[in-house]
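Input: a single structure, listed below in structure tokens.
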Amino acid sequence: MNFQFSNRINDRGFTLIEVIVVVAVMGFLSASILSSQKSSSARRQLGLDVQRAVQDLRNAQNLALSSQVSVDCSGKVVPYGIVFNTALSDRYLLVADCNQNNAYDSGDAIVQTVFFPESRINSLQAEGVGVGSLQIFFTPPLPAVFVNGVVPVSVVPATSATLCHFKQTALCKTISISSKGAISTQ
């Protein structure tokens with residue numbers, strides 16, 4: 001038997017340059033996938049926080065519509081509402097308006113304090129004007145809508161709360177409430 005041996009070294013595997021290029025491409029791809037996953041996670045969490053706030057607004061609306069008796073307000077049928085405040089941007093309050101003045105004050109009962117895990121209140125608008133506190137109350141039995149103690153006069157949804165992700169501040173969503181009580185998100 002006659003065996004022939006090759007003296008060529010290049011036939012045995014990959015060169016160092018080929019390995020470096022493959023590792024660099026894999027590193028680039030994994031970094032881009034990881035950053036898009038973080039962005040997607042932030043967008044998902046912001047969406048969950050916004051939907052929770054919308055759900056609680058509708059809950060306050062339903063409590064007023066059903067003329068729910070408040071245990072905290074001596075068994076009276078009272079307005080219910082949501083209070084947003086930019087000074088306490090990581091939370092909002094679901095309240096029962098015990099003194100029935102359609103504004104949150106010391107005579108009212110806090111039904112629930114809700115914290116945003118990943119979002120913060122960025123801005124609040126009442127009748128198209130920026131405000132530091134936004135109080136939205138639904139008065140039974142209709143329910144009529146009161147914003148900061150007054151009935152909104154504009155037909156367009158000029159009452160809004162904008163929430164932004166606290167790490168990715170450019171990622172924001174807005175909750176709008178019309179003068180008729182219609183709630184929408186953008």
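Residues in the structure tokens are numbered from 1 in each chain, the chains being A, B, ... in the order shown, and ligands are numbered from 1 in the order shown.
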
Every residue of chain A that DSSP places in strand (DSSP E), as a count of residues only
61

So that I can check the surroundings of A:Ala42, please list as a PDB file with N, CA, C and O atoms, in the first residue's frame every protein, DNA and RNA residue that reaches within 10 Å of it, counting only C-alpha atoms and ignoring chain neighbours fewer than 4 positions away.
```
ATOM      1  N   SER A  36     -33.003  44.359  21.965  1.00  0.00           N
ATOM      2  CA  SER A  36     -34.391  44.393  21.499  1.00  0.00           C
ATOM      3  C   SER A  36     -35.306  43.685  22.491  1.00  0.00           C
ATOM      4  O   SER A  36     -36.455  44.071  22.667  1.00  0.00           O
ATOM      5  N   GLN A  37     -34.799  42.671  23.186  1.00  0.00           N
ATOM      6  CA  GLN A  37     -35.592  41.987  24.210  1.00  0.00           C
ATOM      7  C   GLN A  37     -35.855  42.914  25.386  1.00  0.00           C
ATOM      8  O   GLN A  37     -36.957  42.948  25.917  1.00  0.00           O
ATOM      9  N   LYS A  38     -34.871  43.711  25.793  1.00  0.00           N
ATOM     10  CA  LYS A  38     -35.058  44.663  26.887  1.00  0.00           C
ATOM     11  C   LYS A  38     -36.071  45.734  26.493  1.00  0.00           C
ATOM     12  O   LYS A  38     -36.914  46.123  27.290  1.00  0.00           O
ATOM     13  N   LEU A  46     -44.880  48.798  30.399  1.00  0.00           N
ATOM     14  CA  LEU A  46     -45.605  50.067  30.305  1.00  0.00           C
ATOM     15  C   LEU A  46     -47.050  49.817  29.895  1.00  0.00           C
ATOM     16  O   LEU A  46     -47.974  50.402  30.462  1.00  0.00           O
ATOM     17  N   GLY A  47     -47.252  48.935  28.939  1.00  0.00           N
ATOM     18  CA  GLY A  47     -48.613  48.590  28.514  1.00  0.00           C
ATOM     19  C   GLY A  47     -49.433  47.998  29.653  1.00  0.00           C
ATOM     20  O   GLY A  47     -50.615  48.317  29.813  1.00  0.00           O
ATOM     21  N   LEU A  48     -48.818  47.149  30.467  1.00  0.00           N
ATOM     22  CA  LEU A  48     -49.513  46.567  31.623  1.00  0.00           C
ATOM     23  C   LEU A  48     -49.882  47.638  32.645  1.00  0.00           C
ATOM     24  O   LEU A  48     -50.989  47.625  33.205  1.00  0.00           O
ATOM     25  N   GLU A 118     -42.903  49.755  36.968  1.00  0.00           N
ATOM     26  CA  GLU A 118     -41.877  50.168  36.007  1.00  0.00           C
ATOM     27  C   GLU A 118     -42.150  51.517  35.361  1.00  0.00           C
ATOM     28  O   GLU A 118     -41.342  51.994  34.587  1.00  0.00           O
ATOM     29  N   SER A 119     -43.285  52.130  35.630  1.00  0.00           N
ATOM     30  CA  SER A 119     -43.681  53.363  34.952  1.00  0.00           C
ATOM     31  C   SER A 119     -43.793  54.513  35.938  1.00  0.00           C
ATOM     32  O   SER A 119     -43.883  54.308  37.139  1.00  0.00           O
ATOM     33  N   CYS A 164     -44.736  57.155  31.413  1.00  0.00           N
ATOM     34  CA  CYS A 164     -43.518  56.793  30.695  1.00  0.00           C
ATOM     35  C   CYS A 164     -42.779  55.723  31.490  1.00  0.00           C
ATOM     36  O   CYS A 164     -42.867  55.685  32.716  1.00  0.00           O
ATOM     37  N   HIS A 165     -42.041  54.890  30.769  1.00  0.00           N
ATOM     38  CA  HIS A 165     -41.208  53.890  31.436  1.00  0.00           C
ATOM     39  C   HIS A 165     -40.108  54.630  32.183  1.00  0.00           C
ATOM     40  O   HIS A 165     -39.539  55.581  31.668  1.00  0.00           O
ATOM     41  N   PHE A 166     -39.812  54.222  33.405  1.00  0.00           N
ATOM     42  CA  PHE A 166     -38.887  55.018  34.216  1.00  0.00           C
ATOM     43  C   PHE A 166     -37.428  54.872  33.790  1.00  0.00           C
ATOM     44  O   PHE A 166     -36.624  55.750  34.091  1.00  0.00           O
ATOM     45  N   LYS A 167     -37.064  53.834  33.055  1.00  0.00           N
ATOM     46  CA  LYS A 167     -35.689  53.709  32.550  1.00  0.00           C
ATOM     47  C   LYS A 167     -35.581  54.207  31.112  1.00  0.00           C
ATOM     48  O   LYS A 167     -34.604  54.833  30.754  1.00  0.00           O
ATOM     49  N   GLN A 168     -36.580  53.912  30.309  1.00  0.00           N
ATOM     50  CA  GLN A 168     -36.593  54.355  28.918  1.00  0.00           C
ATOM     51  C   GLN A 168     -37.641  55.454  28.789  1.00  0.00           C
ATOM     52  O   GLN A 168     -38.768  55.219  28.378  1.00  0.00           O
ATOM     53  N   LEU A 171     -40.229  56.141  25.991  1.00  0.00           N
ATOM     54  CA  LEU A 171     -41.305  55.174  25.809  1.00  0.00           C
ATOM     55  C   LEU A 171     -42.491  55.586  26.679  1.00  0.00           C
ATOM     56  O   LEU A 171     -42.449  55.446  27.894  1.00  0.00           O
TER      57      LEU A 171
END
```

Considering only C-alpha atoms, return as an mmCIF file with N, CA, C and O atoms, in the first residue's frame whatever protein or nucleic-acid residues lie within 10 Å of A:Tyr92, sequence-local ones (same chain, fewer than 3 positions apart) excluded.
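This went into result.cif:
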```cif
data_model
loop_
_atom_site.group_PDB
_atom_site.id
_atom_site.type_symbol
_atom_site.label_atom_id
_atom_site.label_comp_id
_atom_site.auth_asym_id
_atom_site.auth_seq_id
_atom_site.Cartn_x
_atom_site.Cartn_y
_atom_site.Cartn_z
ATOM 1 N N ALA A 53 -54.227 51.117 35.061
ATOM 2 C CA ALA A 53 -54.820 52.424 35.369
ATOM 3 C C ALA A 53 -56.166 52.586 34.665
ATOM 4 O O ALA A 53 -57.131 53.082 35.264
ATOM 5 N N ASP A 56 -58.725 50.537 36.502
ATOM 6 C CA ASP A 56 -59.161 51.178 37.745
ATOM 7 C C ASP A 56 -60.051 52.388 37.482
ATOM 8 O O ASP A 56 -60.971 52.667 38.264
ATOM 9 N N ILE A 82 -60.271 58.571 40.667
ATOM 10 C CA ILE A 82 -58.841 58.270 40.601
ATOM 11 C C ILE A 82 -58.096 59.586 40.754
ATOM 12 O O ILE A 82 -58.478 60.599 40.161
ATOM 13 N N VAL A 83 -57.034 59.569 41.556
ATOM 14 C CA VAL A 83 -56.215 60.761 41.766
ATOM 15 C C VAL A 83 -54.792 60.456 41.298
ATOM 16 O O VAL A 83 -54.140 59.558 41.823
ATOM 17 N N PHE A 84 -54.339 61.202 40.279
ATOM 18 C CA PHE A 84 -52.963 61.148 39.796
ATOM 19 C C PHE A 84 -52.254 62.391 40.306
ATOM 20 O O PHE A 84 -52.843 63.466 40.362
ATOM 21 N N ASN A 85 -50.969 62.259 40.631
ATOM 22 C CA ASN A 85 -50.202 63.405 41.102
ATOM 23 C C ASN A 85 -48.762 63.259 40.609
ATOM 24 O O ASN A 85 -48.140 62.223 40.823
ATOM 25 N N THR A 86 -48.235 64.305 39.955
ATOM 26 C CA THR A 86 -46.866 64.220 39.435
ATOM 27 C C THR A 86 -45.825 64.215 40.549
ATOM 28 O O THR A 86 -44.719 63.723 40.354
ATOM 29 N N LEU A 88 -46.092 62.452 43.246
ATOM 30 C CA LEU A 88 -46.040 61.032 43.620
ATOM 31 C C LEU A 88 -46.216 60.223 42.344
ATOM 32 O O LEU A 88 -47.224 59.550 42.145
ATOM 33 N N SER A 89 -45.213 60.295 41.480
ATOM 34 C CA SER A 89 -45.356 59.784 40.116
ATOM 35 C C SER A 89 -45.341 58.266 39.997
ATOM 36 O O SER A 89 -45.618 57.733 38.939
ATOM 37 N N VAL A 95 -60.242 56.422 45.147
ATOM 38 C CA VAL A 95 -60.820 57.017 46.356
ATOM 39 C C VAL A 95 -62.342 57.054 46.292
ATOM 40 O O VAL A 95 -62.941 57.062 45.214
ATOM 41 N N GLN A 112 -57.906 52.268 47.539
ATOM 42 C CA GLN A 112 -56.718 51.507 47.158
ATOM 43 C C GLN A 112 -55.625 52.452 46.665
ATOM 44 O O GLN A 112 -55.916 53.431 45.973
ATOM 45 N N THR A 113 -54.389 52.149 47.023
ATOM 46 C CA THR A 113 -53.222 52.830 46.465
ATOM 47 C C THR A 113 -52.556 51.857 45.509
ATOM 48 O O THR A 113 -52.232 50.730 45.897
ATOM 49 N N VAL A 114 -52.369 52.276 44.266
ATOM 50 C CA VAL A 114 -51.793 51.406 43.243
ATOM 51 C C VAL A 114 -50.433 51.960 42.841
ATOM 52 O O VAL A 114 -50.322 53.126 42.463
ATOM 53 N N PHE A 115 -49.409 51.116 42.916
ATOM 54 C CA PHE A 115 -48.045 51.505 42.550
ATOM 55 C C PHE A 115 -47.718 51.000 41.152
ATOM 56 O O PHE A 115 -48.099 49.900 40.774
ATOM 57 N N PHE A 116 -46.999 51.834 40.402
ATOM 58 C CA PHE A 116 -46.489 51.434 39.094
ATOM 59 C C PHE A 116 -45.132 50.763 39.291
ATOM 60 O O PHE A 116 -44.202 51.413 39.763
ATOM 61 N N ILE A 121 -45.667 58.670 36.261
ATOM 62 C CA ILE A 121 -46.537 59.680 35.667
ATOM 63 C C ILE A 121 -45.631 60.786 35.140
ATOM 64 O O ILE A 121 -44.864 61.378 35.883
ATOM 65 N N LEU A 134 -54.274 65.483 39.011
ATOM 66 C CA LEU A 134 -55.454 65.234 38.189
ATOM 67 C C LEU A 134 -56.403 64.341 38.971
ATOM 68 O O LEU A 134 -56.064 63.213 39.313
ATOM 69 N N GLN A 135 -57.573 64.886 39.298
ATOM 70 C CA GLN A 135 -58.583 64.158 40.052
ATOM 71 C C GLN A 135 -59.791 63.935 39.144
ATOM 72 O O GLN A 135 -60.415 64.893 38.698
#
```

Using backbone DSSP assignments, extract all alpha helix (DSSP H) residues from stretch 5-186 of chain A; output them as a VMD selection string.
chain A and resid 16 to 65

Could you list, as JSON, numbers by chain, every residue within 9 Å of A:Asn62, counting only C-alpha atoms and ignoring same-chain residues fewer than 4 positions away?
{"A": [57, 58, 66, 67, 68, 80, 138, 143]}

Serialized selection, N, CA, C and O atoms, as a compact mmCIF listing (two decimals), in the first residue's frame:
```
# COMPACT_ATOMS: atom_id res chain seq x y z
N LEU A 57 -59.81 53.13 36.41
CA LEU A 57 -60.72 54.22 36.02
C LEU A 57 -62.12 53.66 35.72
O LEU A 57 -63.12 54.21 36.17
N ARG A 58 -62.14 52.56 34.98
CA ARG A 58 -63.44 51.94 34.67
C ARG A 58 -64.09 51.35 35.92
O ARG A 58 -65.31 51.37 36.05
N SER A 66 -73.16 51.92 39.57
CA SER A 66 -73.99 50.97 40.33
C SER A 66 -74.45 51.55 41.66
O SER A 66 -75.09 50.84 42.44
N SER A 67 -74.10 52.81 41.92
CA SER A 67 -74.45 53.48 43.19
C SER A 67 -73.98 52.64 44.37
O SER A 67 -74.72 52.39 45.32
N GLN A 68 -72.73 52.21 44.29
CA GLN A 68 -72.12 51.37 45.31
C GLN A 68 -72.06 52.12 46.64
O GLN A 68 -71.60 53.25 46.70
N TYR A 80 -66.91 58.07 43.14
CA TYR A 80 -65.63 57.38 43.19
C TYR A 80 -64.72 58.00 42.15
O TYR A 80 -65.19 58.49 41.12
N PHE A 138 -66.35 60.20 39.24
CA PHE A 138 -67.59 59.80 38.59
C PHE A 138 -68.69 59.84 39.66
O PHE A 138 -68.60 59.15 40.66
N PRO A 143 -73.06 58.06 35.45
CA PRO A 143 -72.29 58.94 36.31
C PRO A 143 -71.79 60.16 35.56
O PRO A 143 -71.33 60.05 34.44
```

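Closest approach to A:Val147 among A:Leu163, A:Met26, A:Val78, A:Val131 is made by A:Val131 (distances from only C-alpha atoms).
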
Please indicate the distance in Å from atom CA of A:Ser41 to atom CA of A:Thr162, rounded to one decimal place.
18.9 Å

Just want the 10 Å neighbourhood of A:Tyr104, counted on only C-alpha atoms, with same-chain residues fewer than 4 positions away dropped. Output as a ChimeraX atom specification.
/A:80-83,93,95-100,108-110,134-137,148-149

Output of the above residues as a short mmCIF file (atom, residue, chain, number, x, y, z; two decimals), in the first residue's frame, restricted to all heavy atoms:
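Contents of part-v5.cif, as written:
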```cif
data_model
loop_
_atom_site.label_atom_id
_atom_site.label_comp_id
_atom_site.auth_asym_id
_atom_site.auth_seq_id
_atom_site.Cartn_x
_atom_site.Cartn_y
_atom_site.Cartn_z
N TYR A 80 -66.91 58.07 43.14
CA TYR A 80 -65.63 57.38 43.19
C TYR A 80 -64.72 58.00 42.15
O TYR A 80 -65.19 58.49 41.12
CB TYR A 80 -65.79 55.88 42.91
CG TYR A 80 -66.39 55.12 44.06
CD1 TYR A 80 -67.76 55.01 44.22
CD2 TYR A 80 -65.56 54.53 45.01
CE1 TYR A 80 -68.31 54.33 45.28
CE2 TYR A 80 -66.10 53.84 46.08
CZ TYR A 80 -67.47 53.74 46.21
OH TYR A 80 -68.00 53.07 47.28
N GLY A 81 -63.42 57.96 42.41
CA GLY A 81 -62.50 58.57 41.46
C GLY A 81 -61.08 58.06 41.57
O GLY A 81 -60.74 57.26 42.44
N ILE A 82 -60.27 58.57 40.67
CA ILE A 82 -58.84 58.27 40.60
C ILE A 82 -58.10 59.59 40.75
O ILE A 82 -58.48 60.60 40.16
CB ILE A 82 -58.46 57.62 39.25
CG1 ILE A 82 -59.19 56.30 39.04
CG2 ILE A 82 -56.96 57.45 39.12
CD1 ILE A 82 -58.69 55.16 39.89
N VAL A 83 -57.03 59.57 41.56
CA VAL A 83 -56.21 60.76 41.77
C VAL A 83 -54.79 60.46 41.30
O VAL A 83 -54.14 59.56 41.82
CB VAL A 83 -56.21 61.19 43.26
CG1 VAL A 83 -55.31 62.40 43.46
CG2 VAL A 83 -57.63 61.47 43.73
N LEU A 93 -54.25 56.90 43.33
CA LEU A 93 -55.19 56.50 44.37
C LEU A 93 -56.57 56.26 43.76
O LEU A 93 -57.02 57.03 42.91
CB LEU A 93 -55.33 57.60 45.43
CG LEU A 93 -54.05 58.09 46.11
CD1 LEU A 93 -54.36 59.28 47.01
CD2 LEU A 93 -53.40 56.98 46.89
N VAL A 95 -60.24 56.42 45.15
CA VAL A 95 -60.82 57.02 46.36
C VAL A 95 -62.34 57.05 46.29
O VAL A 95 -62.94 57.06 45.21
CB VAL A 95 -60.28 58.45 46.59
CG1 VAL A 95 -58.79 58.44 46.83
CG2 VAL A 95 -60.62 59.37 45.46
N ALA A 96 -62.94 57.07 47.49
CA ALA A 96 -64.37 57.30 47.66
C ALA A 96 -64.53 58.71 48.21
O ALA A 96 -63.91 59.06 49.22
CB ALA A 96 -64.96 56.28 48.63
N ASP A 97 -65.32 59.53 47.54
CA ASP A 97 -65.49 60.94 47.90
C ASP A 97 -66.58 61.06 48.98
O ASP A 97 -67.74 61.36 48.69
CB ASP A 97 -65.85 61.73 46.65
CG ASP A 97 -65.93 63.22 46.90
OD1 ASP A 97 -65.42 63.69 47.93
OD2 ASP A 97 -66.50 63.91 46.04
N CYS A 98 -66.21 60.83 50.24
CA CYS A 98 -67.16 60.78 51.35
C CYS A 98 -67.94 62.08 51.54
O CYS A 98 -69.12 62.05 51.88
CB CYS A 98 -66.45 60.40 52.65
SG CYS A 98 -65.76 58.74 52.61
N ASN A 99 -67.28 63.23 51.35
CA ASN A 99 -67.99 64.50 51.55
C ASN A 99 -68.65 65.02 50.27
O ASN A 99 -69.19 66.11 50.25
CB ASN A 99 -67.07 65.56 52.16
CG ASN A 99 -65.81 65.75 51.35
OD1 ASN A 99 -65.69 65.29 50.22
ND2 ASN A 99 -64.84 66.43 51.94
N GLN A 100 -68.58 64.24 49.21
CA GLN A 100 -69.30 64.46 47.95
C GLN A 100 -69.07 65.85 47.34
O GLN A 100 -69.99 66.48 46.82
CB GLN A 100 -70.80 64.19 48.15
CG GLN A 100 -71.06 62.78 48.58
CD GLN A 100 -72.52 62.46 48.77
OE1 GLN A 100 -73.37 63.33 48.77
NE2 GLN A 100 -72.82 61.19 48.92
N ASP A 108 -62.05 62.28 52.57
CA ASP A 108 -62.32 61.16 51.67
C ASP A 108 -61.56 59.90 52.08
O ASP A 108 -60.54 59.97 52.75
CB ASP A 108 -61.92 61.55 50.24
CG ASP A 108 -62.74 62.73 49.73
OD1 ASP A 108 -63.88 62.89 50.19
OD2 ASP A 108 -62.23 63.48 48.89
N ALA A 109 -62.09 58.76 51.64
CA ALA A 109 -61.49 57.46 51.97
C ALA A 109 -60.69 56.94 50.78
O ALA A 109 -61.18 56.94 49.65
CB ALA A 109 -62.58 56.47 52.34
N ILE A 110 -59.49 56.48 51.08
CA ILE A 110 -58.67 55.83 50.05
C ILE A 110 -59.09 54.37 49.97
O ILE A 110 -58.96 53.63 50.94
CB ILE A 110 -57.17 55.95 50.36
CG1 ILE A 110 -56.75 57.41 50.37
CG2 ILE A 110 -56.34 55.14 49.36
CD1 ILE A 110 -55.31 57.64 50.83
N LEU A 134 -54.27 65.48 39.01
CA LEU A 134 -55.45 65.23 38.19
C LEU A 134 -56.40 64.34 38.97
O LEU A 134 -56.06 63.21 39.31
CB LEU A 134 -55.06 64.56 36.87
CG LEU A 134 -56.15 64.32 35.85
CD1 LEU A 134 -56.79 65.63 35.42
CD2 LEU A 134 -55.60 63.59 34.64
N GLN A 135 -57.57 64.89 39.30
CA GLN A 135 -58.58 64.16 40.05
C GLN A 135 -59.79 63.94 39.14
O GLN A 135 -60.41 64.89 38.70
CB GLN A 135 -59.00 64.95 41.29
CG GLN A 135 -57.84 65.26 42.20
CD GLN A 135 -58.26 66.13 43.37
OE1 GLN A 135 -59.42 66.34 43.64
NE2 GLN A 135 -57.26 66.63 44.10
N ILE A 136 -60.10 62.68 38.87
CA ILE A 136 -61.20 62.33 37.99
C ILE A 136 -62.23 61.59 38.83
O ILE A 136 -61.95 60.51 39.34
CB ILE A 136 -60.72 61.45 36.82
CG1 ILE A 136 -59.60 62.16 36.07
CG2 ILE A 136 -61.87 61.10 35.90
CD1 ILE A 136 -58.73 61.26 35.26
N PHE A 137 -63.42 62.19 38.98
CA PHE A 137 -64.48 61.59 39.79
C PHE A 137 -65.70 61.31 38.93
O PHE A 137 -66.03 62.08 38.02
CB PHE A 137 -64.87 62.51 40.95
CG PHE A 137 -63.91 62.44 42.09
CD1 PHE A 137 -62.84 63.30 42.17
CD2 PHE A 137 -64.08 61.49 43.09
CE1 PHE A 137 -61.94 63.23 43.21
CE2 PHE A 137 -63.18 61.41 44.14
CZ PHE A 137 -62.11 62.28 44.21
N ASN A 148 -60.89 67.59 38.46
CA ASN A 148 -60.40 68.59 39.42
C ASN A 148 -61.54 69.44 39.99
O ASN A 148 -61.43 70.65 40.14
CB ASN A 148 -59.31 69.46 38.81
CG ASN A 148 -58.03 68.69 38.59
OD1 ASN A 148 -57.88 67.56 39.06
ND2 ASN A 148 -57.09 69.27 37.89
N GLY A 149 -62.67 68.77 40.28
CA GLY A 149 -63.78 69.42 40.95
C GLY A 149 -64.81 70.09 40.07
O GLY A 149 -65.81 70.58 40.56
#
```

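Atom CA of A:Asn102 to atom CA of A:Phe146 spans 6.4 Å [interatomic distance, one decimal].
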
Using only C-alpha atoms, which of the listed residues (A:Gln186, A:Ser35, A:Pro140, A:Gln125) sits closest to A:Val77?
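Closest to A:Val77 of all the choices is A:Pro140.
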
Extract, using only C-alpha atoms, all DNA, RNA and protein residues at most 6 Å from stretch 173-185 of chain A, discarding same-chain residues fewer than 2 positions from it, and format them as number ranges by chain.
A: 152, 157, 159-163

What is the atom CA of A:Ser133-atom CA of A:Asp72 distance in Å, reported with one decimal?
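Computed distance, atom CA of A:Ser133 to atom CA of A:Asp72, equals 23.4 Å.
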
I need the residue nearest A:Val145 from this list: A:Val21, A:Gly27, A:Ala64, A:Asn59. Use only C-alpha atoms for the distance.
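Counting only C-alpha atoms, the residue closest to A:Val145 is A:Ala64.
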
Measuring atom to atom with only C-alpha atoms, identify which of A:Leu29, A:Pro117, A:Thr169, A:Val111 is nearest to A:Val71.
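Going through A:Leu29, A:Pro117, A:Thr169, A:Val111 one by one, the smallest distance to A:Val71 is for A:Val111.
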